[in-house]
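K.L.:
I am sharing data-v4.pdb, which consists of PDB, C-alpha atoms:
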```pdb
ATOM      1  CA  MET S 805      19.029 -30.138  18.068  1.00  0.00           C
ATOM      2  CA  SER S 806      20.564 -33.413  16.975  1.00  0.00           C
ATOM      3  CA  ALA S 807      23.985 -34.195  18.312  1.00  0.00           C
ATOM      4  CA  VAL S 808      26.978 -33.472  16.116  1.00  0.00           C
ATOM      5  CA  GLN S 809      27.999 -36.640  14.338  1.00  0.00           C
ATOM      6  CA  PRO S 810      31.466 -38.205  14.749  1.00  0.00           C
ATOM      7  CA  GLU S 811      32.216 -38.713  11.057  1.00  0.00           C
ATOM      8  CA  SER S 812      35.173 -36.683   9.775  1.00  0.00           C
ATOM      9  CA  GLN S 813      34.096 -36.606   6.105  1.00  0.00           C
ATOM     10  CA  PRO S 814      30.400 -35.723   5.851  1.00  0.00           C
ATOM     11  CA  PHE S 815      28.214 -35.415   2.774  1.00  0.00           C
ATOM     12  CA  THR S 816      28.551 -31.789   1.678  1.00  0.00           C
ATOM     13  CA  ARG S 817      26.600 -29.591  -0.738  1.00  0.00           C
ATOM     14  CA  HIS S 818      29.294 -30.083  -3.369  1.00  0.00           C
ATOM     15  CA  LEU S 819      29.005 -33.861  -3.143  1.00  0.00           C
ATOM     16  CA  PHE S 820      25.220 -33.578  -3.232  1.00  0.00           C
ATOM     17  CA  SER S 821      25.421 -31.515  -6.414  1.00  0.00           C
ATOM     18  CA  SER S 822      27.763 -34.049  -8.034  1.00  0.00           C
ATOM     19  CA  ALA S 823      25.472 -36.924  -7.056  1.00  0.00           C
ATOM     20  CA  CYS S 824      22.480 -35.203  -8.654  1.00  0.00           C
ATOM     21  CA  ASP S 825      24.377 -34.517 -11.878  1.00  0.00           C
ATOM     22  CA  CYS S 826      26.002 -37.924 -12.291  1.00  0.00           C
ATOM     23  CA  PRO S 827      26.752 -40.844  -9.896  1.00  0.00           C
ATOM     24  CA  THR S 828      30.131 -41.382 -11.580  1.00  0.00           C
ATOM     25  CA  LYS S 829      31.045 -37.756 -10.968  1.00  0.00           C
ATOM     26  CA  LEU S 830      30.289 -38.253  -7.277  1.00  0.00           C
ATOM     27  CA  PHE S 831      32.721 -41.175  -7.137  1.00  0.00           C
ATOM     28  CA  TYR S 832      35.599 -38.979  -8.304  1.00  0.00           C
ATOM     29  CA  LYS S 833      34.578 -35.859  -6.358  1.00  0.00           C
ATOM     30  CA  ALA S 834      34.467 -37.845  -3.121  1.00  0.00           C
ATOM     31  CA  GLN S 835      38.166 -38.739  -3.558  1.00  0.00           C
ATOM     32  CA  PRO S 836      39.909 -35.429  -4.364  1.00  0.00           C
ATOM     33  CA  ASP S 837      43.311 -36.666  -3.199  1.00  0.00           C
ATOM     34  CA  THR S 838      43.180 -39.686  -5.491  1.00  0.00           C
ATOM     35  CA  TYR S 839      41.452 -37.909  -8.384  1.00  0.00           C
ATOM     36  CA  PRO S 840      42.462 -34.202  -8.313  1.00  0.00           C
ATOM     37  CA  GLU S 841      40.962 -31.620 -10.652  1.00  0.00           C
ATOM     38  CA  LYS S 842      42.529 -31.393 -14.105  1.00  0.00           C
ATOM     39  CA  LYS S 843      45.204 -28.705 -14.282  1.00  0.00           C
ATOM     40  CA  GLU S 844      43.468 -26.889 -17.136  1.00  0.00           C
ATOM     41  CA  GLN S 845      40.403 -26.417 -14.937  1.00  0.00           C
ATOM     42  CA  LEU S 846      42.272 -24.872 -12.004  1.00  0.00           C
ATOM     43  CA  PRO S 847      42.400 -21.261 -13.355  1.00  0.00           C
ATOM     44  CA  PHE S 848      38.658 -21.398 -14.029  1.00  0.00           C
ATOM     45  CA  LEU S 849      37.933 -22.709 -10.534  1.00  0.00           C
ATOM     46  CA  ALA S 850      40.204 -20.072  -8.996  1.00  0.00           C
ATOM     47  CA  HIS S 851      38.304 -17.355 -10.891  1.00  0.00           C
ATOM     48  CA  ILE S 852      34.979 -18.659  -9.571  1.00  0.00           C
ATOM     49  CA  ARG S 853      36.307 -18.668  -6.010  1.00  0.00           C
ATOM     50  CA  TYR S 854      37.628 -15.120  -6.439  1.00  0.00           C
ATOM     51  CA  ASN S 855      34.260 -13.816  -7.653  1.00  0.00           C
ATOM     52  CA  LYS S 856      32.399 -15.608  -4.875  1.00  0.00           C
ATOM     53  CA  ARG S 857      34.776 -14.217  -2.271  1.00  0.00           C
ATOM     54  CA  GLN S 858      34.044 -10.689  -3.506  1.00  0.00           C
ATOM     55  CA  LEU S 859      30.313 -11.310  -3.378  1.00  0.00           C
ATOM     56  CA  ARG S 860      30.580 -12.788   0.110  1.00  0.00           C
ATOM     57  CA  GLN S 861      32.494  -9.728   1.321  1.00  0.00           C
ATOM     58  CA  LEU S 862      29.791  -7.424  -0.060  1.00  0.00           C
ATOM     59  CA  LEU S 863      27.056  -9.411   1.660  1.00  0.00           C
ATOM     60  CA  GLN S 864      28.907  -9.482   4.968  1.00  0.00           C
ATOM     61  CA  LEU S 865      29.351  -5.707   4.804  1.00  0.00           C
ATOM     62  CA  CYS S 866      25.550  -5.435   4.888  1.00  0.00           C
ATOM     63  CA  TYR S 867      25.628  -7.072   8.336  1.00  0.00           C
ATOM     64  CA  PRO S 868      28.362  -5.301  10.343  1.00  0.00           C
ATOM     65  CA  GLN S 869      27.239  -7.063  13.548  1.00  0.00           C
ATOM     66  CA  GLY S 870      27.969 -10.492  12.093  1.00  0.00           C
ATOM     67  CA  ILE S 871      30.178 -12.983  13.910  1.00  0.00           C
ATOM     68  CA  HIS S 872      32.442 -15.335  11.966  1.00  0.00           C
ATOM     69  CA  VAL S 873      32.517 -19.063  12.637  1.00  0.00           C
ATOM     70  CA  LYS S 874      36.276 -19.472  12.531  1.00  0.00           C
ATOM     71  CA  GLU S 875      36.442 -23.259  12.777  1.00  0.00           C
ATOM     72  CA  ARG S 876      36.676 -24.847   9.325  1.00  0.00           C
ATOM     73  CA  ASP S 877      36.558 -28.370  10.717  1.00  0.00           C
ATOM     74  CA  TYR S 878      33.061 -29.761  10.116  1.00  0.00           C
ATOM     75  CA  GLN S 879      32.323 -30.908  13.637  1.00  0.00           C
ATOM     76  CA  LYS S 880      33.983 -28.004  15.456  1.00  0.00           C
ATOM     77  CA  GLY S 881      32.323 -25.493  13.129  1.00  0.00           C
ATOM     78  CA  ALA S 882      28.910 -27.019  13.838  1.00  0.00           C
ATOM     79  CA  ARG S 883      29.529 -26.827  17.585  1.00  0.00           C
ATOM     80  CA  GLU S 884      30.696 -23.211  17.372  1.00  0.00           C
ATOM     81  CA  THR S 885      27.576 -22.348  15.352  1.00  0.00           C
ATOM     82  CA  ALA S 886      25.347 -24.087  17.898  1.00  0.00           C
ATOM     83  CA  ASP S 887      26.865 -21.987  20.693  1.00  0.00           C
ATOM     84  CA  LEU S 888      26.243 -18.739  18.794  1.00  0.00           C
ATOM     85  CA  LEU S 889      22.649 -19.769  18.078  1.00  0.00           C
ATOM     86  CA  LYS S 890      21.851 -19.872  21.788  1.00  0.00           C
ATOM     87  CA  GLU S 891      21.335 -16.116  21.557  1.00  0.00           C
ATOM     88  CA  GLU S 892      17.830 -14.885  20.754  1.00  0.00           C
ATOM     89  CA  TYR S 893      19.238 -12.709  17.981  1.00  0.00           C
ATOM     90  CA  ALA S 894      22.381 -13.539  16.044  1.00  0.00           C
ATOM     91  CA  ILE S 895      24.034 -12.848  12.695  1.00  0.00           C
ATOM     92  CA  ILE S 896      26.498 -15.584  11.791  1.00  0.00           C
ATOM     93  CA  PHE S 897      28.964 -15.790   8.918  1.00  0.00           C
ATOM     94  CA  HIS S 898      29.807 -19.312   7.701  1.00  0.00           C
ATOM     95  CA  ALA S 899      27.122 -20.883   9.884  1.00  0.00           C
ATOM     96  CA  SER S 900      27.688 -24.659   9.883  1.00  0.00           C
ATOM     97  CA  PHE S 901      25.255 -27.508  10.484  1.00  0.00           C
ATOM     98  CA  LEU S 902      25.841 -31.246  10.743  1.00  0.00           C
ATOM     99  CA  ASN S 903      23.050 -33.810  10.966  1.00  0.00           C
ATOM    100  CA  ASN S 904      23.332 -37.563  10.362  1.00  0.00           C
ATOM    101  CA  ASN S 905      26.555 -36.940   8.425  1.00  0.00           C
ATOM    102  CA  LEU S 906      24.880 -34.330   6.177  1.00  0.00           C
ATOM    103  CA  PHE S 907      26.757 -31.039   6.274  1.00  0.00           C
ATOM    104  CA  ALA S 908      25.608 -27.525   5.348  1.00  0.00           C
ATOM    105  CA  ARG S 909      27.444 -24.210   5.538  1.00  0.00           C
ATOM    106  CA  VAL S 910      25.852 -20.881   4.595  1.00  0.00           C
ATOM    107  CA  PRO S 911      27.612 -17.524   4.059  1.00  0.00           C
ATOM    108  CA  VAL S 912      25.230 -15.497   6.229  1.00  0.00           C
ATOM    109  CA  LEU S 913      22.457 -16.494   8.624  1.00  0.00           C
ATOM    110  CA  GLU S 914      20.299 -14.051  10.567  1.00  0.00           C
ATOM    111  CA  LYS S 915      18.382 -15.475  13.531  1.00  0.00           C
ATOM    112  CA  ASP S 916      15.623 -13.513  15.244  1.00  0.00           C
ATOM    113  CA  GLY S 917      13.902 -15.912  17.611  1.00  0.00           C
ATOM    114  CA  ASN S 918      12.503 -18.729  15.480  1.00  0.00           C
ATOM    115  CA  ARG S 919      12.537 -16.591  12.355  1.00  0.00           C
ATOM    116  CA  VAL S 920      15.737 -17.331  10.458  1.00  0.00           C
ATOM    117  CA  ARG S 921      16.878 -15.768   7.194  1.00  0.00           C
ATOM    118  CA  VAL S 922      19.410 -17.821   5.246  1.00  0.00           C
ATOM    119  CA  PHE S 923      21.468 -16.374   2.392  1.00  0.00           C
ATOM    120  CA  HIS S 924      23.069 -18.432  -0.377  1.00  0.00           C
ATOM    121  CA  LEU S 925      25.464 -16.790  -2.849  1.00  0.00           C
ATOM    122  CA  LYS S 926      25.810 -17.244  -6.586  1.00  0.00           C
ATOM    123  CA  THR S 927      27.898 -15.116  -8.934  1.00  0.00           C
ATOM    124  CA  LYS S 928      25.462 -15.241 -11.873  1.00  0.00           C
ATOM    125  CA  ALA S 929      24.310 -11.697 -12.683  1.00  0.00           C
ATOM    126  CA  PHE S 930      20.620 -10.983 -12.168  1.00  0.00           C
ATOM    127  CA  ASN S 931      18.347  -8.230 -13.456  1.00  0.00           C
ATOM    128  CA  PRO S 932      15.448  -7.873 -10.963  1.00  0.00           C
ATOM    129  CA  LYS S 933      13.366  -6.006 -13.550  1.00  0.00           C
ATOM    130  CA  ARG S 934      13.704  -8.542 -16.356  1.00  0.00           C
ATOM    131  CA  HIS S 935      14.856 -11.887 -15.032  1.00  0.00           C
ATOM    132  CA  SER S 936      12.696 -14.556 -13.412  1.00  0.00           C
ATOM    133  CA  LEU S 937      13.560 -17.920 -11.898  1.00  0.00           C
ATOM    134  CA  THR S 938      10.399 -19.532 -13.284  1.00  0.00           C
ATOM    135  CA  ASP S 939       8.304 -19.542 -16.450  1.00  0.00           C
ATOM    136  CA  ARG S 940       4.592 -18.756 -16.729  1.00  0.00           C
ATOM    137  CA  ASN S 941       3.710 -22.166 -15.309  1.00  0.00           C
ATOM    138  CA  GLN S 942       6.004 -21.633 -12.315  1.00  0.00           C
ATOM    139  CA  ASN S 943       8.466 -24.223 -13.601  1.00  0.00           C
ATOM    140  CA  LEU S 944      12.112 -23.494 -12.877  1.00  0.00           C
ATOM    141  CA  HIS S 945      14.220 -22.285 -15.783  1.00  0.00           C
ATOM    142  CA  SER S 946      17.013 -24.786 -16.390  1.00  0.00           C
ATOM    143  CA  LYS S 947      19.806 -22.253 -15.777  1.00  0.00           C
ATOM    144  CA  TRP S 948      18.565 -21.661 -12.215  1.00  0.00           C
ATOM    145  CA  ARG S 949      17.621 -25.240 -11.405  1.00  0.00           C
ATOM    146  CA  GLY S 950      20.985 -26.342 -10.003  1.00  0.00           C
ATOM    147  CA  TYR S 951      21.291 -23.285  -7.776  1.00  0.00           C
ATOM    148  CA  ILE S 952      17.873 -23.775  -6.213  1.00  0.00           C
ATOM    149  CA  ARG S 953      18.374 -27.521  -5.843  1.00  0.00           C
ATOM    150  CA  ASN S 954      21.612 -26.969  -3.916  1.00  0.00           C
ATOM    151  CA  PHE S 955      19.939 -24.347  -1.753  1.00  0.00           C
ATOM    152  CA  ALA S 956      17.152 -26.847  -1.061  1.00  0.00           C
ATOM    153  CA  TYR S 957      19.779 -29.273   0.232  1.00  0.00           C
ATOM    154  CA  LEU S 958      21.144 -26.608   2.601  1.00  0.00           C
ATOM    155  CA  SER S 959      17.620 -25.774   3.784  1.00  0.00           C
ATOM    156  CA  TYR S 960      16.873 -29.451   4.378  1.00  0.00           C
ATOM    157  CA  VAL S 961      19.949 -29.989   6.560  1.00  0.00           C
ATOM    158  CA  ILE S 962      19.274 -26.825   8.568  1.00  0.00           C
ATOM    159  CA  GLY S 963      15.617 -27.795   8.966  1.00  0.00           C
ATOM    160  CA  GLN S 964      16.577 -31.233  10.247  1.00  0.00           C
ATOM    161  CA  ASN S 965      18.648 -29.587  12.967  1.00  0.00           C
ATOM    162  CA  HIS S 966      16.012 -26.995  13.793  1.00  0.00           C
ATOM    163  CA  PRO S 967      12.488 -28.037  12.768  1.00  0.00           C
ATOM    164  CA  GLU S 968      11.106 -25.301  15.029  1.00  0.00           C
ATOM    165  CA  TRP S 969      12.573 -22.555  12.829  1.00  0.00           C
ATOM    166  CA  LYS S 970      10.698 -20.609  10.182  1.00  0.00           C
ATOM    167  CA  LEU S 971      13.310 -20.503   7.433  1.00  0.00           C
ATOM    168  CA  GLU S 972      13.351 -17.658   4.920  1.00  0.00           C
ATOM    169  CA  PRO S 973      15.813 -18.530   2.121  1.00  0.00           C
ATOM    170  CA  TYR S 974      17.261 -15.825  -0.121  1.00  0.00           C
ATOM    171  CA  LEU S 975      19.460 -16.306  -3.161  1.00  0.00           C
ATOM    172  CA  VAL S 976      21.950 -13.429  -3.308  1.00  0.00           C
ATOM    173  CA  LEU S 977      23.190 -12.433  -6.765  1.00  0.00           C
ATOM    174  CA  PRO S 978      25.050  -9.482  -8.308  1.00  0.00           C
ATOM    175  CA  ASP S 979      22.468  -6.919  -9.423  1.00  0.00           C
ATOM    176  CA  LYS S 980      23.105  -6.430 -13.131  1.00  0.00           C
ATOM    177  CA  THR S 981      21.422  -3.024 -13.115  1.00  0.00           C
ATOM    178  CA  ALA S 982      23.387  -1.532 -10.212  1.00  0.00           C
ATOM    179  CA  THR S 983      26.396   0.780 -10.439  1.00  0.00           C
ATOM    180  CA  ALA S 984      29.123   0.963  -7.798  1.00  0.00           C
ATOM    181  CA  GLU S 985      29.455   4.322  -6.066  1.00  0.00           C
ATOM    182  CA  ILE S 986      32.931   3.528  -4.759  1.00  0.00           C
ATOM    183  CA  ASN S 987      36.069   3.639  -6.912  1.00  0.00           C
ATOM    184  CA  CYS S 988      38.481   0.702  -6.700  1.00  0.00           C
ATOM    185  CA  LEU S 989      35.925  -1.277  -4.705  1.00  0.00           C
ATOM    186  CA  ASP S 990      37.738  -4.573  -5.281  1.00  0.00           C
ATOM    187  CA  GLN S 991      41.007  -3.267  -3.812  1.00  0.00           C
ATOM    188  CA  LYS S 992      39.233  -1.688  -0.856  1.00  0.00           C
ATOM    189  CA  LEU S 993      37.442  -4.966  -0.106  1.00  0.00           C
ATOM    190  CA  SER S 994      40.739  -6.862  -0.234  1.00  0.00           C
ATOM    191  CA  ASN S 995      42.491  -4.338   2.020  1.00  0.00           C
ATOM    192  CA  GLY S 996      39.751  -4.225   4.648  1.00  0.00           C
ATOM    193  CA  TYR S 997      38.890  -0.590   3.877  1.00  0.00           C
ATOM    194  CA  LYS S 998      35.932   0.706   5.897  1.00  0.00           C
ATOM    195  CA  ILE S 999      32.936   0.940   3.542  1.00  0.00           C
ATOM    196  CA  ASP S1000      29.445   2.282   4.142  1.00  0.00           C
ATOM    197  CA  PRO S1001      27.059  -0.738   3.980  1.00  0.00           C
ATOM    198  CA  LYS S1002      24.387   1.416   2.317  1.00  0.00           C
ATOM    199  CA  LYS S1003      26.670   1.970  -0.669  1.00  0.00           C
ATOM    200  CA  VAL S1004      27.181  -1.727  -1.346  1.00  0.00           C
ATOM    201  CA  SER S1005      23.807  -3.284  -0.463  1.00  0.00           C
ATOM    202  CA  LYS S1006      22.292  -1.908  -3.688  1.00  0.00           C
ATOM    203  CA  LEU S1007      24.835  -3.932  -5.679  1.00  0.00           C
ATOM    204  CA  LEU S1008      23.140  -7.147  -4.575  1.00  0.00           C
ATOM    205  CA  ALA S1009      19.836  -8.696  -5.594  1.00  0.00           C
ATOM    206  CA  PHE S1010      18.058 -10.595  -2.799  1.00  0.00           C
ATOM    207  CA  VAL S1011      15.669 -13.135  -4.329  1.00  0.00           C
ATOM    208  CA  ASP S1012      13.121 -14.933  -2.148  1.00  0.00           C
ATOM    209  CA  VAL S1013      13.244 -18.585  -3.256  1.00  0.00           C
ATOM    210  CA  GLN S1014      10.992 -20.198  -0.653  1.00  0.00           C
ATOM    211  CA  ASP S1015       8.417 -21.394  -3.195  1.00  0.00           C
ATOM    212  CA  GLN S1016      11.056 -22.819  -5.517  1.00  0.00           C
ATOM    213  CA  ILE S1017      12.829 -24.647  -2.689  1.00  0.00           C
ATOM    214  CA  ASN S1018       9.536 -26.087  -1.481  1.00  0.00           C
ATOM    215  CA  ARG S1019       9.063 -27.678  -4.907  1.00  0.00           C
ATOM    216  CA  PHE S1020      12.196 -29.755  -4.322  1.00  0.00           C
ATOM    217  CA  LEU S1021      11.456 -30.514  -0.681  1.00  0.00           C
ATOM    218  CA  SER S1022       7.905 -31.633  -1.543  1.00  0.00           C
ATOM    219  CA  GLY S1023       9.041 -33.833  -4.437  1.00  0.00           C
ATOM    220  CA  LYS S1024       7.406 -31.742  -7.175  1.00  0.00           C
ATOM    221  CA  GLU S1025      10.872 -31.187  -8.629  1.00  0.00           C
ATOM    222  CA  SER S1026      13.232 -34.128  -9.035  1.00  0.00           C
ATOM    223  CA  ILE S1027      16.734 -33.623  -7.662  1.00  0.00           C
ATOM    224  CA  VAL S1028      18.355 -35.840 -10.314  1.00  0.00           C
ATOM    225  CA  GLU S1029      18.939 -34.947 -13.937  1.00  0.00           C
ATOM    226  CA  GLU S1030      16.833 -36.469 -16.713  1.00  0.00           C
ATOM    227  CA  ASP S1031      19.704 -38.159 -18.527  1.00  0.00           C
ATOM    228  CA  TRP S1032      20.428 -40.653 -15.773  1.00  0.00           C
ATOM    229  CA  ARG S1033      17.070 -40.858 -14.020  1.00  0.00           C
ATOM    230  CA  LEU S1034      15.771 -44.421 -13.801  1.00  0.00           C
TER
END
```
Is it possible to give me this structure as structure tokens?
P.N.:
Amino acid sequence: MSAVQPESQPFTRHLFSSACDCPTKLFYKAQPDTYPEKKEQLPFLAHIRYNKRQLRQLLQLCYPQGIHVKERDYQKGARETADLLKEEYAIIFHASFLNNNLFARVPVLEKDGNRVRVFHLKTKAFNPKRHSLTDRNQNLHSKWRGYIRNFAYLSYVIGQNHPEWKLEPYLVLPDKTATAEINCLDQKLSNGYKIDPKKVSKLLAFVDVQDQINRFLSGKESIVEEDWRL
């Protein structure tokens, strides 16, 4: 594995997403202290974070053996992750990777030898029986394009650290067709109430996105948006 880089401010998935959308947007996003988010956007951003936190808690409940990477510092988190990955089998929450100043963090990673399942969360509801990420020609629908592109970035950084791994990427979404069997689930999640993993796993849709990610990694899909592409 490549050595952890000394830079304190690496290129994250959020900066990657901004760069793909608009170079000007990247300029402002890279300087949050100088250019903070507009106040009217803060409630919306807080709501997104709240929903994602709920989804992350549900996913982590499915893996009761998981170990949290507690370090939030980029470099220390990458080193802690590397230590946990020395085990032949490991389930890691907030697994962090740093390579040539590119940083990736994933909510849940399951390592079984060289077979590694990586899970990326999005709060957009999904109906497994009706929804599809692609059209008849296997082209990505526009509403899913950004999600897969960002996941491709995470997969790329992880693959650069561990080219020997066989990555299996899964997009995890709320299953629109599922019904919760537990009353007051939100409060119980917040209070650390013990919940049967079998009762929450059905609330999530696990979508294999290997083929879609490969389209970005192979160059078949452009990472930049049409309106500013040269």
K.L.:
Kindly indicate which residue among S:Lys926, S:Gln1014, S:Val1004, S:Val1028 lies nearest to Pro827 of chain S, using only C-alpha atoms for the distances.
P.N.:
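Checking each of S:Lys926, S:Gln1014, S:Val1004, S:Val1028 against Pro827 of chain S, counting only C-alpha atoms, the winner is S:Val1028.
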K.L.:
List as an mmCIF file with C-alpha atoms, in the coordinates of the input the protein and nucleic acid residues near segment 971-974 of chain S, meaning an atom at most 7 Å away when only C-alpha atoms are counted, but skip any in the same chain fewer than 3 places from it.
P.N.:
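Result file result_11.cif:
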```
data_model
loop_
_atom_site.group_PDB
_atom_site.id
_atom_site.type_symbol
_atom_site.label_atom_id
_atom_site.label_comp_id
_atom_site.auth_asym_id
_atom_site.auth_seq_id
_atom_site.Cartn_x
_atom_site.Cartn_y
_atom_site.Cartn_z
ATOM 1 C CA ARG S 919 12.537 -16.591 12.355
ATOM 2 C CA VAL S 920 15.737 -17.331 10.458
ATOM 3 C CA ARG S 921 16.878 -15.768 7.194
ATOM 4 C CA VAL S 922 19.410 -17.821 5.246
ATOM 5 C CA PHE S 923 21.468 -16.374 2.392
ATOM 6 C CA HIS S 924 23.069 -18.432 -0.377
ATOM 7 C CA PHE S 1010 18.058 -10.595 -2.799
ATOM 8 C CA VAL S 1011 15.669 -13.135 -4.329
ATOM 9 C CA ASP S 1012 13.121 -14.933 -2.148
ATOM 10 C CA VAL S 1013 13.244 -18.585 -3.256
ATOM 11 C CA GLN S 1014 10.992 -20.198 -0.653
#
```
K.L.:
What does the structure give for the distance between atom CA of Arg817 of chain S and atom CA of Val976 of chain S, in Å to one decimal?
P.N.:
17.0 Å
K.L.:
The PyMOL selection byres ((chain S and resi 918) around 12) - which residues does that actually catch in the file I just gave you? List them as a list in words.
P.N.:
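Evaluating the PyMOL selection byres ((chain S and resi 918) around 12) on these coordinates yields Leu889, Lys890, Glu891, Glu892, Tyr893, Ala894, Glu914, Lys915, Asp916, Gly917, Arg919, Val920, Arg921, Gly963, His966, Pro967, Glu968, Trp969, Lys970, Leu971 and Glu972 of chain S.
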K.L.:
Keeping only C-alpha atoms, write the selected residues to a file as a PDB file, in the coordinates of the input.
P.N.:
```
ATOM      1  CA  LEU S 889      22.649 -19.769  18.078  1.00  0.00           C
ATOM      2  CA  LYS S 890      21.851 -19.872  21.788  1.00  0.00           C
ATOM      3  CA  GLU S 891      21.335 -16.116  21.557  1.00  0.00           C
ATOM      4  CA  GLU S 892      17.830 -14.885  20.754  1.00  0.00           C
ATOM      5  CA  TYR S 893      19.238 -12.709  17.981  1.00  0.00           C
ATOM      6  CA  ALA S 894      22.381 -13.539  16.044  1.00  0.00           C
ATOM      7  CA  GLU S 914      20.299 -14.051  10.567  1.00  0.00           C
ATOM      8  CA  LYS S 915      18.382 -15.475  13.531  1.00  0.00           C
ATOM      9  CA  ASP S 916      15.623 -13.513  15.244  1.00  0.00           C
ATOM     10  CA  GLY S 917      13.902 -15.912  17.611  1.00  0.00           C
ATOM     11  CA  ARG S 919      12.537 -16.591  12.355  1.00  0.00           C
ATOM     12  CA  VAL S 920      15.737 -17.331  10.458  1.00  0.00           C
ATOM     13  CA  ARG S 921      16.878 -15.768   7.194  1.00  0.00           C
ATOM     14  CA  GLY S 963      15.617 -27.795   8.966  1.00  0.00           C
ATOM     15  CA  HIS S 966      16.012 -26.995  13.793  1.00  0.00           C
ATOM     16  CA  PRO S 967      12.488 -28.037  12.768  1.00  0.00           C
ATOM     17  CA  GLU S 968      11.106 -25.301  15.029  1.00  0.00           C
ATOM     18  CA  TRP S 969      12.573 -22.555  12.829  1.00  0.00           C
ATOM     19  CA  LYS S 970      10.698 -20.609  10.182  1.00  0.00           C
ATOM     20  CA  LEU S 971      13.310 -20.503   7.433  1.00  0.00           C
ATOM     21  CA  GLU S 972      13.351 -17.658   4.920  1.00  0.00           C
TER      22      GLU S 972
END
```
K.L.:
Name every residue that the PyMOL selection byres ((chain S and resi 816) around 9) selects in this structure, writing the answer as an MDAnalysis selection string with chains first and numbers rising.
P.N.:
chainID S and resid 813:815 817:821 905:909
K.L.:
Any chance you could resolve the PyMOL selection byres ((chain S and resi 871) around 7) against this file and give the residues as a ChimeraX atom specification?
P.N.:
/S:869-870,872-873,895-897
